[in-house]
file upload.pdb (PDB, C-alpha atoms)
ATOM      1  CA  MET A   1       5.050 -10.787   9.334  1.00  0.00           C
ATOM      2  CA  THR A   2       1.804 -10.831  11.239  1.00  0.00           C
ATOM      3  CA  ALA A   3      -1.447  -9.224  10.153  1.00  0.00           C
ATOM      4  CA  GLU A   4      -1.084  -6.842  13.083  1.00  0.00           C
ATOM      5  CA  GLN A   5       2.345  -5.720  11.856  1.00  0.00           C
ATOM      6  CA  MET A   6       1.022  -5.229   8.322  1.00  0.00           C
ATOM      7  CA  ALA A   7      -1.940  -3.210   9.609  1.00  0.00           C
ATOM      8  CA  GLY A   8       0.439  -1.048  11.617  1.00  0.00           C
ATOM      9  CA  GLY A   9       2.296  -0.081   8.471  1.00  0.00           C
ATOM     10  CA  GLU A  10       5.381  -2.262   9.042  1.00  0.00           C
ATOM     11  CA  GLN A  11       6.398  -3.842   5.801  1.00  0.00           C
ATOM     12  CA  ARG A  12       9.585  -5.380   4.493  1.00  0.00           C
ATOM     13  CA  SER A  13      11.068  -3.442   1.632  1.00  0.00           C
ATOM     14  CA  LEU A  14      11.490  -5.101  -1.730  1.00  0.00           C
ATOM     15  CA  ASP A  15      14.959  -5.382  -3.172  1.00  0.00           C
ATOM     16  CA  ARG A  16      16.036  -5.491  -6.803  1.00  0.00           C
ATOM     17  CA  VAL A  17      15.530  -9.278  -7.056  1.00  0.00           C
ATOM     18  CA  ASP A  18      12.041  -9.109  -5.511  1.00  0.00           C
ATOM     19  CA  ARG A  19      11.046  -6.450  -8.031  1.00  0.00           C
ATOM     20  CA  ALA A  20      12.461  -8.502 -10.902  1.00  0.00           C
ATOM     21  CA  ILE A  21      10.443 -11.510  -9.718  1.00  0.00           C
ATOM     22  CA  LEU A  22       7.294  -9.380  -9.518  1.00  0.00           C
ATOM     23  CA  ARG A  23       7.824  -8.056 -13.055  1.00  0.00           C
ATOM     24  CA  LEU A  24       8.223 -11.603 -14.378  1.00  0.00           C
ATOM     25  CA  LEU A  25       5.118 -12.841 -12.576  1.00  0.00           C
ATOM     26  CA  GLN A  26       3.093  -9.866 -13.796  1.00  0.00           C
ATOM     27  CA  GLN A  27       3.973 -10.848 -17.347  1.00  0.00           C
ATOM     28  CA  ASP A  28       3.436 -14.582 -16.788  1.00  0.00           C
ATOM     29  CA  GLY A  29       1.779 -15.664 -13.558  1.00  0.00           C
ATOM     30  CA  ARG A  30       2.206 -19.296 -14.630  1.00  0.00           C
ATOM     31  CA  ALA A  31       6.002 -19.101 -14.842  1.00  0.00           C
ATOM     32  CA  SER A  32       7.664 -21.973 -13.010  1.00  0.00           C
ATOM     33  CA  ILE A  33       9.861 -21.371  -9.987  1.00  0.00           C
ATOM     34  CA  ARG A  34      12.755 -22.785 -12.013  1.00  0.00           C
ATOM     35  CA  SER A  35      12.178 -20.335 -14.855  1.00  0.00           C
ATOM     36  CA  VAL A  36      11.846 -17.379 -12.468  1.00  0.00           C
ATOM     37  CA  ALA A  37      14.995 -18.393 -10.605  1.00  0.00           C
ATOM     38  CA  GLU A  38      17.003 -18.712 -13.814  1.00  0.00           C
ATOM     39  CA  ARG A  39      15.825 -15.357 -15.155  1.00  0.00           C
ATOM     40  CA  VAL A  40      16.654 -13.422 -11.966  1.00  0.00           C
ATOM     41  CA  HIS A  41      19.858 -15.404 -11.307  1.00  0.00           C
ATOM     42  CA  VAL A  42      19.022 -16.937  -7.922  1.00  0.00           C
ATOM     43  CA  SER A  43      18.544 -20.511  -6.743  1.00  0.00           C
ATOM     44  CA  ARG A  44      15.141 -22.170  -6.971  1.00  0.00           C
ATOM     45  CA  ALA A  45      14.977 -22.300  -3.175  1.00  0.00           C
ATOM     46  CA  ASN A  46      15.681 -18.567  -2.986  1.00  0.00           C
ATOM     47  CA  ALA A  47      13.061 -17.751  -5.637  1.00  0.00           C
ATOM     48  CA  TYR A  48      10.508 -19.967  -3.882  1.00  0.00           C
ATOM     49  CA  ALA A  49      11.228 -18.347  -0.503  1.00  0.00           C
ATOM     50  CA  ARG A  50      10.955 -14.839  -1.961  1.00  0.00           C
ATOM     51  CA  ILE A  51       7.661 -15.569  -3.732  1.00  0.00           C
ATOM     52  CA  SER A  52       6.255 -17.225  -0.600  1.00  0.00           C
ATOM     53  CA  ARG A  53       7.295 -14.236   1.517  1.00  0.00           C
ATOM     54  CA  MET A  54       5.679 -11.797  -0.915  1.00  0.00           C
ATOM     55  CA  VAL A  55       2.461 -13.859  -0.864  1.00  0.00           C
ATOM     56  CA  ASP A  56       2.512 -14.019   2.949  1.00  0.00           C
ATOM     57  CA  ASP A  57       3.189 -10.261   3.174  1.00  0.00           C
ATOM     58  CA  GLY A  58       0.298  -9.489   0.819  1.00  0.00           C
ATOM     59  CA  VAL A  59       2.534  -8.020  -1.884  1.00  0.00           C
ATOM     60  CA  ILE A  60       1.331 -10.749  -4.234  1.00  0.00           C
ATOM     61  CA  ARG A  61      -2.438 -10.965  -3.791  1.00  0.00           C
ATOM     62  CA  GLY A  62      -2.993 -13.894  -6.117  1.00  0.00           C
ATOM     63  CA  PHE A  63      -2.453 -15.371  -9.550  1.00  0.00           C
ATOM     64  CA  THR A  64      -5.156 -14.936 -12.168  1.00  0.00           C
ATOM     65  CA  ALA A  65      -5.850 -15.256 -15.872  1.00  0.00           C
ATOM     66  CA  ARG A  66      -6.487 -12.158 -17.969  1.00  0.00           C
ATOM     67  CA  VAL A  67      -9.839 -12.759 -19.659  1.00  0.00           C
ATOM     68  CA  ASP A  68     -11.270 -11.337 -22.864  1.00  0.00           C
ATOM     69  CA  HIS A  69     -14.721 -10.676 -21.430  1.00  0.00           C
ATOM     70  CA  GLU A  70     -16.460 -10.423 -24.784  1.00  0.00           C
ATOM     71  CA  ARG A  71     -15.112 -13.797 -25.934  1.00  0.00           C
ATOM     72  CA  ALA A  72     -16.066 -15.234 -22.543  1.00  0.00           C
ATOM     73  CA  GLY A  73     -19.707 -14.272 -23.122  1.00  0.00           C
ATOM     74  CA  GLN A  74     -19.748 -10.996 -21.218  1.00  0.00           C
ATOM     75  CA  GLY A  75     -20.487  -8.586 -24.045  1.00  0.00           C
ATOM     76  CA  ALA A  76     -21.358  -5.525 -21.946  1.00  0.00           C
ATOM     77  CA  SER A  77     -18.840  -3.741 -19.747  1.00  0.00           C
ATOM     78  CA  ALA A  78     -19.250  -0.528 -17.809  1.00  0.00           C
ATOM     79  CA  TYR A  79     -17.725   1.647 -15.163  1.00  0.00           C
ATOM     80  CA  VAL A  80     -20.344   2.453 -12.568  1.00  0.00           C
ATOM     81  CA  THR A  81     -19.890   5.366 -10.195  1.00  0.00           C
ATOM     82  CA  LEU A  82     -21.762   5.488  -6.906  1.00  0.00           C
ATOM     83  CA  LYS A  83     -22.598   8.131  -4.378  1.00  0.00           C
ATOM     84  CA  VAL A  84     -23.014   6.560  -0.966  1.00  0.00           C
ATOM     85  CA  VAL A  85     -24.180   7.631   2.469  1.00  0.00           C
ATOM     86  CA  GLN A  86     -21.286   8.910   4.567  1.00  0.00           C
ATOM     87  CA  ASN A  87     -19.675   6.135   6.646  1.00  0.00           C
ATOM     88  CA  SER A  88     -21.490   3.366   4.740  1.00  0.00           C
ATOM     89  CA  TRP A  89     -18.501   2.326   2.581  1.00  0.00           C
ATOM     90  CA  ARG A  90     -17.776  -0.957   4.348  1.00  0.00           C
ATOM     91  CA  GLN A  91     -21.376  -2.172   4.216  1.00  0.00           C
ATOM     92  CA  VAL A  92     -21.788  -1.074   0.585  1.00  0.00           C
ATOM     93  CA  ARG A  93     -18.500  -2.754  -0.398  1.00  0.00           C
ATOM     94  CA  THR A  94     -19.595  -6.008   1.241  1.00  0.00           C
ATOM     95  CA  ALA A  95     -22.872  -5.966  -0.720  1.00  0.00           C
ATOM     96  CA  LEU A  96     -21.126  -5.055  -3.998  1.00  0.00           C
ATOM     97  CA  LEU A  97     -18.702  -7.960  -3.630  1.00  0.00           C
ATOM     98  CA  GLU A  98     -21.674 -10.347  -3.655  1.00  0.00           C
ATOM     99  CA  LEU A  99     -22.869  -9.167  -7.082  1.00  0.00           C
ATOM    100  CA  PRO A 100     -22.082 -11.120 -10.247  1.00  0.00           C
ATOM    101  CA  GLY A 101     -19.787  -9.522 -12.819  1.00  0.00           C
ATOM    102  CA  VAL A 102     -18.050  -7.079 -10.499  1.00  0.00           C
ATOM    103  CA  GLU A 103     -14.362  -7.014 -11.404  1.00  0.00           C
ATOM    104  CA  HIS A 104     -13.014  -4.011  -9.514  1.00  0.00           C
ATOM    105  CA  ILE A 105     -14.270  -1.744  -6.741  1.00  0.00           C
ATOM    106  CA  ALA A 106     -12.474   1.379  -5.507  1.00  0.00           C
ATOM    107  CA  LEU A 107     -13.265   4.017  -2.906  1.00  0.00           C
ATOM    108  CA  VAL A 108     -12.331   7.292  -4.606  1.00  0.00           C
ATOM    109  CA  GLY A 109     -12.215  10.994  -3.865  1.00  0.00           C
ATOM    110  CA  GLY A 110     -14.098  13.556  -5.917  1.00  0.00           C
ATOM    111  CA  GLU A 111     -17.642  13.884  -7.145  1.00  0.00           C
ATOM    112  CA  TYR A 112     -18.362  10.181  -6.630  1.00  0.00           C
ATOM    113  CA  ASP A 113     -17.476   7.896  -3.737  1.00  0.00           C
ATOM    114  CA  VAL A 114     -17.090   4.543  -5.480  1.00  0.00           C
ATOM    115  CA  LEU A 115     -15.880   3.519  -8.922  1.00  0.00           C
ATOM    116  CA  MET A 116     -16.451  -0.023 -10.081  1.00  0.00           C
ATOM    117  CA  LEU A 117     -15.894  -2.035 -13.247  1.00  0.00           C
ATOM    118  CA  VAL A 118     -18.562  -4.577 -14.151  1.00  0.00           C
ATOM    119  CA  HIS A 119     -19.044  -7.113 -16.948  1.00  0.00           C
ATOM    120  CA  THR A 120     -22.382  -8.655 -17.914  1.00  0.00           C
ATOM    121  CA  VAL A 121     -23.766 -10.829 -20.696  1.00  0.00           C
ATOM    122  CA  ASP A 122     -25.553  -7.937 -22.402  1.00  0.00           C
ATOM    123  CA  ASN A 123     -27.061  -4.493 -21.825  1.00  0.00           C
ATOM    124  CA  ARG A 124     -30.258  -5.972 -20.383  1.00  0.00           C
ATOM    125  CA  ALA A 125     -28.249  -7.766 -17.693  1.00  0.00           C
ATOM    126  CA  LEU A 126     -26.235  -4.575 -17.119  1.00  0.00           C
ATOM    127  CA  ARG A 127     -29.457  -2.604 -16.674  1.00  0.00           C
ATOM    128  CA  ASP A 128     -30.727  -5.187 -14.171  1.00  0.00           C
ATOM    129  CA  LEU A 129     -27.428  -5.126 -12.274  1.00  0.00           C
ATOM    130  CA  VAL A 130     -27.417  -1.328 -11.944  1.00  0.00           C
ATOM    131  CA  LEU A 131     -31.112  -0.518 -11.520  1.00  0.00           C
ATOM    132  CA  ASN A 132     -32.296  -3.514  -9.523  1.00  0.00           C
ATOM    133  CA  LYS A 133     -29.257  -4.757  -7.629  1.00  0.00           C
ATOM    134  CA  ILE A 134     -26.807  -1.899  -7.073  1.00  0.00           C
ATOM    135  CA  GLN A 135     -29.390   0.824  -6.535  1.00  0.00           C
ATOM    136  CA  SER A 136     -31.251  -1.341  -4.005  1.00  0.00           C
ATOM    137  CA  ILE A 137     -28.218  -1.654  -1.732  1.00  0.00           C
ATOM    138  CA  PRO A 138     -28.757   0.276   1.505  1.00  0.00           C
ATOM    139  CA  GLY A 139     -26.424   3.252   1.574  1.00  0.00           C
ATOM    140  CA  VAL A 140     -26.294   3.767  -2.205  1.00  0.00           C
ATOM    141  CA  LEU A 141     -27.673   7.232  -2.989  1.00  0.00           C
ATOM    142  CA  GLY A 142     -27.164   7.243  -6.756  1.00  0.00           C
ATOM    143  CA  THR A 143     -25.270   5.769  -9.690  1.00  0.00           C
ATOM    144  CA  GLN A 144     -23.942   6.798 -13.056  1.00  0.00           C
ATOM    145  CA  THR A 145     -23.085   4.208 -15.698  1.00  0.00           C
ATOM    146  CA  LEU A 146     -20.342   4.703 -18.271  1.00  0.00           C
ATOM    147  CA  LEU A 147     -20.499   2.101 -21.051  1.00  0.00           C
ATOM    148  CA  VAL A 148     -17.206   0.688 -22.274  1.00  0.00           C
ATOM    149  CA  PHE A 149     -17.067   0.545 -26.066  1.00  0.00           C
ATOM    150  CA  GLU A 150     -13.544  -0.830 -26.389  1.00  0.00           C
ATOM    151  CA  GLU A 151     -10.920  -2.000 -23.915  1.00  0.00           C
ATOM    152  CA  THR A 152      -7.157  -2.053 -24.172  1.00  0.00           C
ATOM    153  CA  ASP A 153      -5.480  -4.385 -21.725  1.00  0.00           C
ATOM    154  CA  ARG A 154      -2.025  -3.446 -20.556  1.00  0.00           C
ATOM    155  CA  ILE A 155       0.192  -5.574 -18.362  1.00  0.00           C
ATOM    156  CA  PRO A 156       1.307  -3.364 -15.485  1.00  0.00           C
ATOM    157  CA  VAL A 157       5.046  -3.316 -14.886  1.00  0.00           C
ATOM    158  CA  LEU A 158       6.752  -2.234 -11.694  1.00  0.00           C
ATOM    159  CA  PRO A 159       9.569   0.280 -12.028  1.00  0.00           C
ATOM    160  CA  ASP A 160      13.117  -0.867 -11.290  1.00  0.00           C
TER     161      ASP A 160
END

call {"tool": "encode", "arguments": {"input": "upload.pdb", "output": "structure tokens"}}
result
Amino acid sequence: MTAEQMAGGEQRSLDRVDRAILRLLQQDGRASIRSVAERVHVSRANAYARISRMVDDGVIRGFTARVDHERAGQGASAYVTLKVVQNSWRQVRTALLELPGVEHIALVGGEYDVLMLVHTVDNRALRDLVLNKIQSIPGVLGTQTLLVFEETDRIPVLPD
């Protein structure tokens, strides 16, 4: 499927086997093709082709490790909300993606325009990130920082 087809909303539907493969990979992104194939009862070639198709179609966006940020030396985490100038989202997003410690950025509806999750070494680095880097981005009108005191990581699972 081409990028133009994807942008136009055309997308192949996922069948029961595709969803089973996705659930397995969400639980263990390092699972071998052989293991995945055995667990969903298809050939290795079929499992490989399905995973490749889902990567090509953008269903699978990548394979990553889940990190304990505190143990990795990032002791301060926060959700930062932003109010931005109307129609500046794309430029603001591009600038935010360049900042260290940014894990997630979302355009949202409601009182704020952007919600982002950040991780830094400590509160001093968090303060610098918010006050000196984020607030200096053209198009950012204001921020609010919500400190994270404790995180609970949950592996997302697709429904059947």

call {"tool": "atom_distance", "arguments": {"input": "upload.pdb", "atom1": "atom CA of A:Arg71", "atom2": "atom CA of A:Thr145"}}
result
22.2 Å

call {"tool": "resolve_selection", "arguments": {"input": "upload.pdb", "expression": "the PyMOL selection byres ((chain A and resi 29) around 12)", "output": "PyMOL selection string"}}
result
chain A and resi 21-28+30-33+35-36+51+60-66+155

call {"tool": "write_last_selection", "arguments": {"input": "upload.pdb", "atoms": "C-alpha atoms", "output": "CSV table (one decimal), keeping the file's coordinate frame"}}
result
chain,number,residue,atom,x,y,z
A,21,ILE,CA,10.4,-11.5,-9.7
A,22,LEU,CA,7.3,-9.4,-9.5
A,23,ARG,CA,7.8,-8.1,-13.1
A,24,LEU,CA,8.2,-11.6,-14.4
A,25,LEU,CA,5.1,-12.8,-12.6
A,26,GLN,CA,3.1,-9.9,-13.8
A,27,GLN,CA,4.0,-10.8,-17.3
A,28,ASP,CA,3.4,-14.6,-16.8
A,30,ARG,CA,2.2,-19.3,-14.6
A,31,ALA,CA,6.0,-19.1,-14.8
A,32,SER,CA,7.7,-22.0,-13.0
A,33,ILE,CA,9.9,-21.4,-10.0
A,35,SER,CA,12.2,-20.3,-14.9
A,36,VAL,CA,11.8,-17.4,-12.5
A,51,ILE,CA,7.7,-15.6,-3.7
A,60,ILE,CA,1.3,-10.7,-4.2
A,61,ARG,CA,-2.4,-11.0,-3.8
A,62,GLY,CA,-3.0,-13.9,-6.1
A,63,PHE,CA,-2.5,-15.4,-9.6
A,64,THR,CA,-5.2,-14.9,-12.2
A,65,ALA,CA,-5.8,-15.3,-15.9
A,66,ARG,CA,-6.5,-12.2,-18.0
A,155,ILE,CA,0.2,-5.6,-18.4

call {"tool": "closest_residue", "arguments": {"input": "upload.pdb", "among": "A:Arg53, A:His69, A:Arg44, A:Lys83", "to": "A:Val102", "atoms": "all atoms listed in the file"}}
result
A:His69

call {"tool": "residues_around", "arguments": {"input": "upload.pdb", "residues": "stretch 9-18 of chain A", "least_positions_apart": "4", "cutoff": "12 Å", "atoms": "all atoms listed in the file", "output": "number ranges by chain"}}
result
A: 1-5, 22-25, 36-43, 46-60, 158-160

call {"tool": "axis_aligned_box", "arguments": {"input": "upload.pdb", "around": "stretch 84-89 of chain A", "padding_each_side": "4 Å", "output": "lines of an AutoDock Vina configuration file"}}
result
center_x = -21.3
center_y = 5.6
center_z = 2.8
size_x = 13.7
size_y = 14.6
size_z = 15.6

call {"tool": "closest_residue", "arguments": {"input": "upload.pdb", "among": "A:His119, A:Arg34, A:Arg19, A:Arg124", "to": "A:Gln74", "atoms": "all atoms listed in the file"}}
result
A:His119

call {"tool": "atom_distance", "arguments": {"input": "upload.pdb", "atom1": "atom CA of A:Asn123", "atom2": "atom CA of A:Ala76"}}
result
5.8 Å

call {"tool": "resolve_selection", "arguments": {"input": "upload.pdb", "expression": "the PyMOL selection byres ((chain A and resi 133) around 12)", "output": "MDAnalysis selection string"}}
result
chainID A and resid 92 95:102 125:132 134:138 140 143

call {"tool": "residues_near_point", "arguments": {"input": "upload.pdb", "point": "(-15.8, -3.6, -21.3)", "cutoff": "9 Å", "atoms": "only C-alpha atoms", "output": "PyMOL selection string"}}
result
chain A and resi 69-70+74-79+117-120+147-151

call {"tool": "atom_distance", "arguments": {"input": "upload.pdb", "atom1": "atom CA of A:Val121", "atom2": "atom CA of A:Leu82"}}
result
21.5 Å

call {"tool": "residues_around", "arguments": {"input": "upload.pdb", "residues": "A:Gly110", "least_positions_apart": "2", "cutoff": "12 Å", "atoms": "only C-alpha atoms", "output": "MDAnalysis selection string"}}
result
chainID A and resid 81:83 107:108 112:115

call {"tool": "closest_residue", "arguments": {"input": "upload.pdb", "among": "A:Val67, A:Ala106, A:Ala72, A:Ala45", "to": "A:Asp153", "atoms": "only C-alpha atoms"}}
result
A:Val67
